[in-house]
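Pasted below: start.cif, mmCIF, C-alpha atoms and all ligand atoms.
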data_structure
loop_
_atom_site.group_PDB
_atom_site.id
_atom_site.type_symbol
_atom_site.label_atom_id
_atom_site.label_comp_id
_atom_site.auth_asym_id
_atom_site.auth_seq_id
_atom_site.Cartn_x
_atom_site.Cartn_y
_atom_site.Cartn_z
ATOM 1 C CA MET R 1 -8.809 9.195 -26.545
ATOM 2 C CA ILE R 2 -11.484 10.129 -24.031
ATOM 3 C CA GLU R 3 -11.112 11.857 -20.683
ATOM 4 C CA GLY R 4 -13.312 11.832 -17.620
ATOM 5 C CA SER R 5 -13.440 12.099 -13.881
ATOM 6 C CA PHE R 6 -14.493 9.351 -11.526
ATOM 7 C CA VAL R 7 -16.347 10.505 -8.430
ATOM 8 C CA GLU R 8 -17.480 8.005 -5.833
ATOM 9 C CA ARG R 9 -21.085 7.956 -4.667
ATOM 10 C CA ALA R 10 -22.179 7.368 -1.103
ATOM 11 C CA THR R 11 -24.217 4.416 -2.362
ATOM 12 C CA ASP R 12 -21.258 2.662 -4.042
ATOM 13 C CA ARG R 13 -20.726 -0.837 -2.701
ATOM 14 C CA HIS R 14 -17.055 -0.217 -1.935
ATOM 15 C CA VAL R 15 -17.892 2.702 0.399
ATOM 16 C CA ARG R 16 -19.700 0.360 2.793
ATOM 17 C CA LEU R 17 -17.076 -2.403 2.380
ATOM 18 C CA ARG R 18 -14.243 0.084 2.993
ATOM 19 C CA ARG R 19 -15.845 1.434 6.147
ATOM 20 C CA HIS R 20 -16.255 -2.063 7.486
ATOM 21 C CA LEU R 21 -12.775 -3.291 6.571
ATOM 22 C CA LEU R 22 -10.737 -0.269 7.623
ATOM 23 C CA ARG R 23 -12.738 1.709 10.149
ATOM 24 C CA ASP R 24 -15.470 -0.206 11.920
ATOM 25 C CA GLY R 25 -14.318 -3.806 11.691
ATOM 26 C CA ARG R 26 -12.698 -4.577 15.004
ATOM 27 C CA GLN R 27 -11.621 -8.128 14.351
ATOM 28 C CA ALA R 28 -7.954 -8.922 13.796
ATOM 29 C CA LEU R 29 -7.387 -9.858 10.164
ATOM 30 C CA PRO R 30 -5.665 -13.185 9.430
ATOM 31 C CA MET R 31 -1.891 -12.890 9.072
ATOM 32 C CA PRO R 32 -0.276 -13.346 5.639
ATOM 33 C CA ALA R 33 1.086 -16.853 4.990
ATOM 34 C CA GLY R 34 4.178 -17.555 7.098
ATOM 35 C CA PHE R 35 3.962 -14.350 9.143
ATOM 36 C CA ASP R 36 3.305 -16.320 12.322
ATOM 37 C CA ARG R 37 6.887 -17.614 12.032
ATOM 38 C CA PRO R 38 9.022 -14.713 10.780
ATOM 39 C CA PHE R 39 12.481 -15.546 9.421
ATOM 40 C CA PRO R 40 15.473 -14.515 11.526
ATOM 41 C CA LEU R 41 17.823 -12.065 9.826
ATOM 42 C CA GLY R 42 21.054 -13.690 8.589
ATOM 43 C CA LEU R 43 24.050 -13.204 10.890
ATOM 44 C CA ASP R 44 25.667 -11.082 8.184
ATOM 45 C CA GLY R 45 22.609 -8.794 8.155
ATOM 46 C CA GLU R 46 21.501 -10.315 4.845
ATOM 47 C CA LEU R 47 18.001 -11.410 3.965
ATOM 48 C CA PRO R 48 18.257 -15.218 4.040
ATOM 49 C CA GLN R 49 17.796 -17.010 0.705
ATOM 50 C CA HIS R 50 14.573 -18.714 1.792
ATOM 51 C CA ALA R 51 13.158 -15.322 2.842
ATOM 52 C CA LEU R 52 14.006 -13.923 -0.596
ATOM 53 C CA ALA R 53 12.365 -16.968 -2.198
ATOM 54 C CA ARG R 54 9.224 -16.362 -0.117
ATOM 55 C CA LEU R 55 9.173 -12.718 -1.223
ATOM 56 C CA ARG R 56 9.595 -13.749 -4.866
ATOM 57 C CA ASN R 57 6.882 -16.406 -4.759
ATOM 58 C CA ARG R 58 4.341 -14.933 -2.340
ATOM 59 C CA GLY R 59 4.979 -11.190 -2.576
ATOM 60 C CA ALA R 60 5.512 -10.588 1.154
ATOM 61 C CA VAL R 61 7.866 -11.797 3.847
ATOM 62 C CA ALA R 62 8.319 -11.141 7.566
ATOM 63 C CA LEU R 63 11.613 -11.091 9.459
ATOM 64 C CA ARG R 64 12.156 -11.054 13.183
ATOM 65 C CA LEU R 65 14.854 -8.795 14.611
ATOM 66 C CA ASP R 66 16.064 -8.776 18.210
ATOM 67 C CA GLU R 67 15.908 -4.992 18.036
ATOM 68 C CA PRO R 68 14.963 -2.565 15.247
ATOM 69 C CA LEU R 69 17.982 -1.907 13.038
ATOM 70 C CA PRO R 70 19.805 1.413 13.275
ATOM 71 C CA ALA R 71 19.334 3.647 10.219
ATOM 72 C CA HIS R 72 22.531 2.639 8.409
ATOM 73 C CA ARG R 73 21.784 -1.093 8.728
ATOM 74 C CA PHE R 74 18.168 -0.575 7.695
ATOM 75 C CA THR R 75 19.222 1.243 4.519
ATOM 76 C CA ALA R 76 21.915 -1.396 3.878
ATOM 77 C CA LEU R 77 19.273 -4.109 4.062
ATOM 78 C CA GLY R 78 17.093 -2.160 1.615
ATOM 79 C CA ALA R 79 20.050 -1.743 -0.742
ATOM 80 C CA ARG R 80 20.211 -5.526 -1.123
ATOM 81 C CA LEU R 81 16.743 -5.431 -2.692
ATOM 82 C CA GLY R 82 17.313 -2.475 -4.996
ATOM 83 C CA HIS R 83 17.645 1.271 -5.020
ATOM 84 C CA ALA R 84 15.979 3.305 -2.258
ATOM 85 C CA ILE R 85 13.742 6.114 -3.549
ATOM 86 C CA ALA R 86 14.325 9.473 -1.830
ATOM 87 C CA GLU R 87 11.403 11.034 0.066
ATOM 88 C CA THR R 88 11.009 14.472 -1.499
ATOM 89 C CA ASP R 89 7.361 15.337 -0.819
ATOM 90 C CA PRO R 90 7.506 18.547 1.273
ATOM 91 C CA ALA R 91 4.539 17.310 3.339
ATOM 92 C CA VAL R 92 6.530 14.368 4.729
ATOM 93 C CA LEU R 93 10.008 15.929 4.973
ATOM 94 C CA PRO R 94 9.765 16.518 8.756
ATOM 95 C CA TYR R 95 9.487 12.737 9.125
ATOM 96 C CA VAL R 96 12.382 11.813 6.814
ATOM 97 C CA GLU R 97 15.738 10.506 7.947
ATOM 98 C CA ASN R 98 18.792 9.896 5.738
ATOM 99 C CA GLU R 99 16.715 11.017 2.712
ATOM 100 C CA VAL R 100 15.094 7.601 2.246
ATOM 101 C CA ILE R 101 13.681 6.535 5.634
ATOM 102 C CA LEU R 102 10.172 7.747 6.422
ATOM 103 C CA ASN R 103 9.208 7.706 10.099
ATOM 104 C CA LEU R 104 5.535 6.801 10.262
ATOM 105 C CA VAL R 105 4.629 8.045 13.705
ATOM 106 C CA SER R 106 1.002 8.351 14.750
ATOM 107 C CA ARG R 107 0.958 11.696 16.496
ATOM 108 C CA HIS R 108 -2.248 13.345 15.295
ATOM 109 C CA PRO R 109 -5.892 12.542 15.961
ATOM 110 C CA GLU R 110 -8.137 11.714 13.018
ATOM 111 C CA THR R 111 -7.918 14.373 10.294
ATOM 112 C CA ASP R 112 -9.275 15.192 6.823
ATOM 113 C CA ASP R 113 -5.881 16.561 5.764
ATOM 114 C CA VAL R 114 -4.623 13.875 3.378
ATOM 115 C CA ALA R 115 -0.974 14.875 3.857
ATOM 116 C CA VAL R 116 -1.231 14.364 7.623
ATOM 117 C CA GLN R 117 -3.217 11.122 7.520
ATOM 118 C CA PRO R 118 -0.210 8.754 7.450
ATOM 119 C CA PHE R 119 0.820 10.356 10.767
ATOM 120 C CA ALA R 120 -2.642 10.266 12.346
ATOM 121 C CA GLY R 121 -5.135 7.786 13.685
ATOM 122 C CA ASN R 122 -7.043 7.621 10.390
ATOM 123 C CA PHE R 123 -7.408 4.543 8.320
ATOM 124 C CA LEU R 124 -5.486 4.691 5.048
ATOM 125 C CA SER R 125 -7.419 3.665 1.951
ATOM 126 C CA LEU R 126 -6.107 0.834 -0.206
ATOM 127 C CA HIS R 127 -3.489 1.713 -2.791
ATOM 128 C CA SER R 128 -0.417 0.612 -4.635
ATOM 129 C CA GLU R 129 2.534 2.798 -3.686
ATOM 130 C CA SER R 130 3.200 5.849 -5.896
ATOM 131 C CA SER R 131 0.399 4.873 -8.276
ATOM 132 C CA GLY R 132 0.521 8.230 -10.078
ATOM 133 C CA GLN R 133 4.225 8.046 -10.896
ATOM 134 C CA PRO R 134 5.719 6.687 -14.105
ATOM 135 C CA LEU R 135 6.742 3.044 -13.717
ATOM 136 C CA PRO R 136 10.460 3.599 -12.956
ATOM 137 C CA ARG R 137 9.432 5.795 -9.989
ATOM 138 C CA GLN R 138 6.987 3.262 -8.559
ATOM 139 C CA PRO R 139 8.716 1.159 -5.906
ATOM 140 C CA ARG R 140 8.873 -2.607 -6.352
ATOM 141 C CA TYR R 141 9.228 -3.157 -2.606
ATOM 142 C CA ILE R 142 8.057 -1.425 0.547
ATOM 143 C CA VAL R 143 10.102 -2.286 3.622
ATOM 144 C CA LEU R 144 8.462 -1.591 6.990
ATOM 145 C CA MET R 145 10.201 -1.993 10.340
ATOM 146 C CA CYS R 146 8.408 -1.657 13.663
ATOM 147 C CA HIS R 147 9.931 0.324 16.521
ATOM 148 C CA GLU R 148 6.731 0.568 18.515
ATOM 149 C CA PRO R 149 3.376 -1.032 17.680
ATOM 150 C CA GLY R 150 1.498 1.577 19.769
ATOM 151 C CA GLU R 151 -1.531 1.018 21.888
ATOM 152 C CA GLY R 152 -4.097 1.152 19.090
ATOM 153 C CA THR R 153 -5.215 -1.673 16.898
ATOM 154 C CA ALA R 154 -3.995 -0.334 13.553
ATOM 155 C CA GLN R 155 -3.011 -3.132 11.209
ATOM 156 C CA THR R 156 -1.302 -2.901 7.842
ATOM 157 C CA VAL R 157 -3.810 -4.429 5.418
ATOM 158 C CA LEU R 158 -2.717 -6.389 2.349
ATOM 159 C CA VAL R 159 -5.042 -7.293 -0.529
ATOM 160 C CA PRO R 160 -3.708 -9.627 -3.243
ATOM 161 C CA MET R 161 -3.974 -8.024 -6.702
ATOM 162 C CA GLU R 162 -4.546 -11.415 -8.319
ATOM 163 C CA ALA R 163 -7.703 -11.959 -6.236
ATOM 164 C CA VAL R 164 -8.921 -8.477 -7.165
ATOM 165 C CA ALA R 165 -8.407 -9.156 -10.888
ATOM 166 C CA ASP R 166 -10.268 -12.482 -10.565
ATOM 167 C CA ARG R 167 -13.378 -10.565 -9.442
ATOM 168 C CA LEU R 168 -13.443 -8.413 -12.577
ATOM 169 C CA SER R 169 -14.836 -9.324 -15.995
ATOM 170 C CA ASP R 170 -12.556 -9.607 -19.030
ATOM 171 C CA ARG R 171 -14.186 -6.458 -20.380
ATOM 172 C CA GLN R 172 -13.488 -4.500 -17.166
ATOM 173 C CA LEU R 173 -9.872 -5.736 -17.155
ATOM 174 C CA ALA R 174 -9.449 -4.628 -20.769
ATOM 175 C CA VAL R 175 -10.887 -1.186 -20.016
ATOM 176 C CA LEU R 176 -8.583 -0.702 -17.002
ATOM 177 C CA SER R 177 -5.534 -1.729 -19.001
ATOM 178 C CA HIS R 178 -6.234 1.161 -21.408
ATOM 179 C CA THR R 179 -6.953 3.721 -18.678
ATOM 180 C CA ARG R 180 -4.443 5.876 -16.800
ATOM 181 C CA TYR R 181 -4.463 8.861 -14.467
ATOM 182 C CA GLN R 182 -4.678 12.190 -16.234
ATOM 183 C CA ARG R 183 -1.488 13.838 -15.080
ATOM 184 C CA ALA R 184 1.950 14.831 -16.281
ATOM 185 C CA GLY R 185 4.898 12.461 -16.360
ATOM 186 C CA ALA R 186 3.522 9.462 -18.278
ATOM 187 C CA PRO R 187 1.742 7.560 -15.521
ATOM 188 C CA SER R 188 1.324 3.841 -16.149
ATOM 189 C CA ALA R 189 -1.943 2.150 -17.079
ATOM 190 C CA ILE R 190 -4.127 1.244 -14.094
ATOM 191 C CA LEU R 191 -3.648 -2.429 -15.006
ATOM 192 C CA ARG R 192 -0.701 -4.150 -16.657
ATOM 193 C CA ARG R 193 0.773 -7.634 -16.723
ATOM 194 C CA VAL R 194 4.086 -8.650 -15.194
ATOM 195 C CA GLY R 195 4.619 -12.079 -16.712
ATOM 196 C CA VAL R 196 1.190 -13.621 -16.267
ATOM 197 C CA ARG R 197 0.394 -11.664 -13.092
ATOM 198 C CA PRO R 198 -2.079 -8.768 -13.156
ATOM 199 C CA VAL R 199 -0.503 -5.677 -11.578
ATOM 200 C CA PHE R 200 -2.432 -2.564 -10.673
ATOM 201 C CA SER R 201 -1.145 0.991 -10.230
ATOM 202 C CA PHE R 202 -4.097 2.494 -8.450
ATOM 203 C CA ARG R 203 -5.111 4.354 -5.320
ATOM 204 C CA ASP R 204 -8.543 4.706 -3.805
ATOM 205 C CA PHE R 205 -8.756 8.503 -3.610
ATOM 206 C CA MET R 206 -12.021 8.251 -1.674
ATOM 207 C CA ALA R 207 -13.988 11.544 -1.923
ATOM 208 C CA GLN R 208 -11.374 13.154 -4.184
ATOM 209 C CA PRO R 209 -12.264 12.972 -7.911
ATOM 210 C CA LEU R 210 -9.950 10.853 -10.059
ATOM 211 C CA ALA R 211 -9.284 12.399 -13.479
ATOM 212 C CA TRP R 212 -8.567 9.656 -15.998
ATOM 213 C CA CYS R 213 -7.883 9.252 -19.693
ATOM 214 C CA HIS R 214 -8.710 6.211 -21.737
ATOM 215 C CA GLN R 215 -7.327 5.117 -25.055
ATOM 216 C CA SER R 216 -8.602 2.070 -26.866
ATOM 217 C CA PRO R 217 -9.622 1.382 -30.430
ATOM 218 C CA ASP R 218 -13.159 0.187 -29.659
ATOM 219 C CA GLY R 219 -15.069 3.373 -28.820
ATOM 220 C CA THR R 220 -15.531 2.788 -25.091
ATOM 221 C CA GLY R 221 -17.663 5.478 -23.412
ATOM 222 C CA ALA R 222 -16.970 7.404 -20.203
ATOM 223 C CA ASP R 223 -19.717 5.511 -18.352
ATOM 224 C CA THR R 224 -17.991 2.221 -19.099
ATOM 225 C CA VAL R 225 -14.678 3.520 -17.722
ATOM 226 C CA ASP R 226 -16.352 4.857 -14.568
ATOM 227 C CA ALA R 227 -18.141 1.530 -14.121
ATOM 228 C CA ALA R 228 -14.857 -0.400 -14.445
ATOM 229 C CA ILE R 229 -13.233 1.833 -11.787
ATOM 230 C CA ARG R 230 -16.263 1.346 -9.539
ATOM 231 C CA ALA R 231 -16.035 -2.436 -10.016
ATOM 232 C CA LEU R 232 -12.296 -2.335 -9.258
ATOM 233 C CA LEU R 233 -12.928 -0.514 -5.962
ATOM 234 C CA ALA R 234 -15.621 -3.000 -4.921
ATOM 235 C CA ALA R 235 -13.261 -5.880 -5.799
ATOM 236 C CA MET R 236 -10.445 -4.309 -3.728
ATOM 237 C CA TYR R 237 -12.573 -4.089 -0.597
ATOM 238 C CA THR R 238 -14.181 -7.527 -0.892
ATOM 239 C CA PRO R 239 -13.105 -9.129 2.380
ATOM 240 C CA ASP R 240 -12.166 -12.627 1.107
ATOM 241 C CA GLY R 241 -8.413 -13.094 1.034
ATOM 242 C CA VAL R 242 -7.592 -9.863 2.899
ATOM 243 C CA VAL R 243 -4.737 -10.269 5.381
ATOM 244 C CA GLY R 244 -3.294 -7.958 8.002
ATOM 245 C CA VAL R 245 0.004 -7.398 9.778
ATOM 246 C CA ARG R 246 -0.117 -7.055 13.546
ATOM 247 C CA TRP R 247 3.012 -5.214 14.537
ATOM 248 C CA GLN R 248 5.523 -6.045 17.219
ATOM 249 C CA ARG R 249 8.746 -4.258 18.015
ATOM 250 C CA GLY R 250 11.462 -5.676 15.765
ATOM 251 C CA LEU R 251 9.115 -7.091 13.118
ATOM 252 C CA LEU R 252 10.325 -6.206 9.620
ATOM 253 C CA VAL R 253 8.072 -6.788 6.626
ATOM 254 C CA VAL R 254 8.856 -6.543 2.919
ATOM 255 C CA ILE R 255 5.858 -6.108 0.609
ATOM 256 C CA ASP R 256 6.063 -6.474 -3.160
ATOM 257 C CA ASN R 257 4.122 -3.508 -4.566
ATOM 258 C CA THR R 258 3.231 -5.596 -7.651
ATOM 259 C CA PHE R 259 1.544 -8.340 -5.587
ATOM 260 C CA PHE R 260 -0.534 -6.421 -3.048
ATOM 261 C CA PHE R 261 -2.574 -3.317 -2.516
ATOM 262 C CA HIS R 262 -1.952 -2.038 0.989
ATOM 263 C CA GLY R 263 -3.666 0.236 3.476
ATOM 264 C CA ARG R 264 -4.150 0.612 7.223
ATOM 265 C CA THR R 265 -6.995 0.134 9.613
ATOM 266 C CA ALA R 266 -7.889 3.007 11.920
ATOM 267 C CA GLY R 267 -5.941 3.276 15.159
ATOM 268 C CA ARG R 268 -6.491 5.333 18.228
ATOM 269 C CA VAL R 269 -4.436 8.449 18.848
ATOM 270 C CA SER R 270 -5.322 10.744 21.703
ATOM 271 C CA ALA R 271 -4.550 14.431 21.247
ATOM 272 C CA THR R 272 -5.293 15.302 24.845
ATOM 273 C CA HIS R 273 -3.427 12.408 26.413
ATOM 274 C CA PRO R 274 -0.328 11.943 24.317
ATOM 275 C CA THR R 275 1.118 8.591 25.069
ATOM 276 C CA PRO R 276 4.768 7.642 24.923
ATOM 277 C CA ARG R 277 3.616 4.453 23.207
ATOM 278 C CA ARG R 278 2.820 5.957 19.839
ATOM 279 C CA ARG R 279 2.869 3.628 16.870
ATOM 280 C CA HIS R 280 6.185 4.040 15.077
ATOM 281 C CA LEU R 281 7.145 2.252 11.874
ATOM 282 C CA GLN R 282 9.979 3.117 9.532
ATOM 283 C CA ARG R 283 9.562 2.731 5.786
ATOM 284 C CA LEU R 284 11.838 2.376 2.779
ATOM 285 C CA ARG R 285 10.602 2.401 -0.809
ATOM 286 C CA ILE R 286 12.805 0.297 -3.054
ATOM 287 C CA ALA R 287 12.919 0.442 -6.849
ATOM 288 C CA GLU R 288 14.324 -2.417 -8.844
ATOM 289 C CA VAL R 289 17.774 -1.807 -10.263
HETATM 290 FE FE FE R 301 1.513 3.239 1.106
#

Exercise: express the given structure as C-alpha cells:
Amino acid sequence: MIEGSFVERATDRHVRLRRHLLRDGRQALPMPAGFDRPFPLGLDGELPQHALARLRNRGAVALRLDEPLPAHRFTALGARLGHAIAETDPAVLPYVENEVILNLVSRHPETDDVAVQPFAGNFLSLHSESSGQPLPRQPRYIVLMCHEPGEGTAQTVLVPMEAVADRLSDRQLAVLSHTRYQRAGAPSAILRRVGVRPVFSFRDFMAQPLAWCHQSPDGTGADTVDAAIRALLAAMYTPDGVVGVRWQRGLLVVIDNTFFFHGRTAGRVSATHPTPRRRHLQRLRIAEV
C-alpha cells in the first residue's frame, strides 16, 4: 500500500474550469431532463410511480408542490425512499430541524470558512454527498425542497458520473478504484461499480490537501495516483453535459447520489442589506434500507 497527499496547483486545468462553471459563468445551465415539467405529488402525498421510475432510470426527478411541505410531511415523503440520516455535525446543528432536515439558508456573505459555506453566498465545489463516510453512511438520495429561491442566481449543479468516467482512461479508472481517502472508518474506494454504472465517492476539496491511500498489486507510484485525481477533477468540471436546477418555491428535487456529483454556483448575499428573500432550501439525506 502507498500513501500520499494530493494538492491542487493554480495551473491545474480544473481550477480554471471550476471558476468558470461555479463562480464567473453567469449563464443559466440547461435543466436536467424533464425538469421543465415537474411531476405533481400524488394526492396521497406519495411519489407517483412514474416519478420513481424517472429517478431509477435517470438519477434525478423534480416534483411540483402547491406549497412547500410541512416538516412532518417532508420527512414522511423521504421515508418512502429509505432511511433519513441524522444531521450530527456540530457545525450545522443550528440549522437542523427534527434531527434530519437541514435548513440551507443563505445568510452569510462569501467566506473561507468551509463549515459556513453552505449557508453563504459562496459556490460549493462538486462532490458526492458524504464521500468520506463508509458506504452505509453515504446517502443514496438527496431530497431538496425550495421554500424561497432568493434573489441571487445560485443554481444547484448536477454532473453525471457516467460522463465523468467516460473522460478518463482505463488506467486512470483502475487507479481510482484502488484509491480511498486516508481516514478512519473504512471509507469506500473513490470509484466503484453499481451494476455496470461507475459510481464515485469523491469531493473536490479545493485548496485543502487530500490524503489518500492506494492499494493495488501492480506497483503504481504516487505520481500516477495524483495524476489520476487531477484527471478526475478536470473531467468533473468539463462543461459538456452539466445541468442546473433553477429553484422556485415548491419545487422538490430528488437526486441519486450514485448518478450525479452536485455543487452550487455562487449566489449573492448582502451582509449590509439583509433581504427577507434569502434563498432557503430544506434537505434530507436518505440511505437505502
Ligand atoms: Fe452536498

Any idea what's packed within 12 Å of segment 160-164 of chain R, counting only C-alpha atoms, ignoring anything in its chain fewer than 4 positions away? Could you give it as a PyMOL selection string? chain R and resi 32-33+58-60+126-128+168-169+172-173+190-194+196-202+231-244+255-263

Rank nothing, just name the residue among R:Val15, R:Ala207, R:Leu144, R:Ala86 nearest to ligand FE 301 (chain R), using all atoms listed in the file.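 Once distances to ligand FE 301 (chain R) are computed over all atoms listed in the file, the minimum belongs to R:Leu144.
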
Residues picked by the PyMOL selection byres (((chain R and resi 67-76) around 8) and not hetatm) here, as a PyMOL selection string? chain R and resi 45+65-66+77-80+84+98+100-101+145-147+249-251+284

Given all atoms listed in the file as the counted atoms, nearest of R:Val175, R:Leu93, R:Ala51, R:Leu281 to Ile229 of chain R: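 With all atoms listed in the file as the atom set, the closest residue is R:Val175.
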
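Atom CA of Ala62 of chain R is found 19.0 Å from atom CA of Thr153 of chain R.
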
Please write the residues picked by the PyMOL selection byres (((chain R and resi 182) around 12) and not hetatm) on this file as a ChimeraX atom specification. /R:1-6,131-134,179-181,183-190,209-215

Here's the selection I'm unsure about, the PyMOL selection byres (((chain R and resi 119) around 8) and not hetatm); applied to the file above, which residues does it give, as a ChimeraX atom specification? /R:104-108,116-118,120-121

Which residue, R:Ala10, R:Ser216, R:Asp44, R:Gly25, has the smallest gap to Phe123 of chain R when you use all atoms listed in the file?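 Between R:Ala10, R:Ser216, R:Asp44, R:Gly25, the residue approaching Phe123 of chain R most closely is R:Gly25.
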
Of the candidates R:Thr88, R:Thr156, R:Thr11, R:Asn103, which one gets nearest to ligand FE 301 (chain R) if we count all atoms listed in the file? R:Thr156

Between R:Glu99, R:Asp226, R:Glu148, R:Glu87, which is the closest to Arg279 of chain R once you count only C-alpha atoms?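 The closest residue to Arg279 of chain R is R:Glu148.
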
What's the separation between atom CA of Arg230 of chain R and atom CA of Arg246 of chain R, in Å to one decimal place?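 Here the two named atoms are 29.4 Å from each other.
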
Taking all atoms listed in the file into account, which of R:Leu158, R:Val96, R:Leu47, R:Ala91 comes nearest ligand FE 301 (chain R)?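 Among the listed residues, the smallest separation from ligand FE 301 (chain R) belongs to R:Leu158.
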
Rounded to one decimal in Å, what is the spacing between atom CA of Phe39 of chain R and atom CA of Arg64 of chain R? 5.9 Å

Arg285 of chain R: which residues within 8 Å, counting only C-alpha atoms, same-chain residues fewer than 5 positions away excluded, as JSON, numbers by chain? {"R": [84, 85, 100, 139, 140, 141, 142, 143]}

Quick one: axis-aligned box around all listed atoms of segment 141-160 of chain R, 3 Å on every side, centre and edge lengths in Å to one decimal, written as AutoDock Vina command-line options.
--center_x 2.5 --center_y -4.0 --center_z 9.3 --size_x 21.4 --size_y 17.2 --size_z 31.1
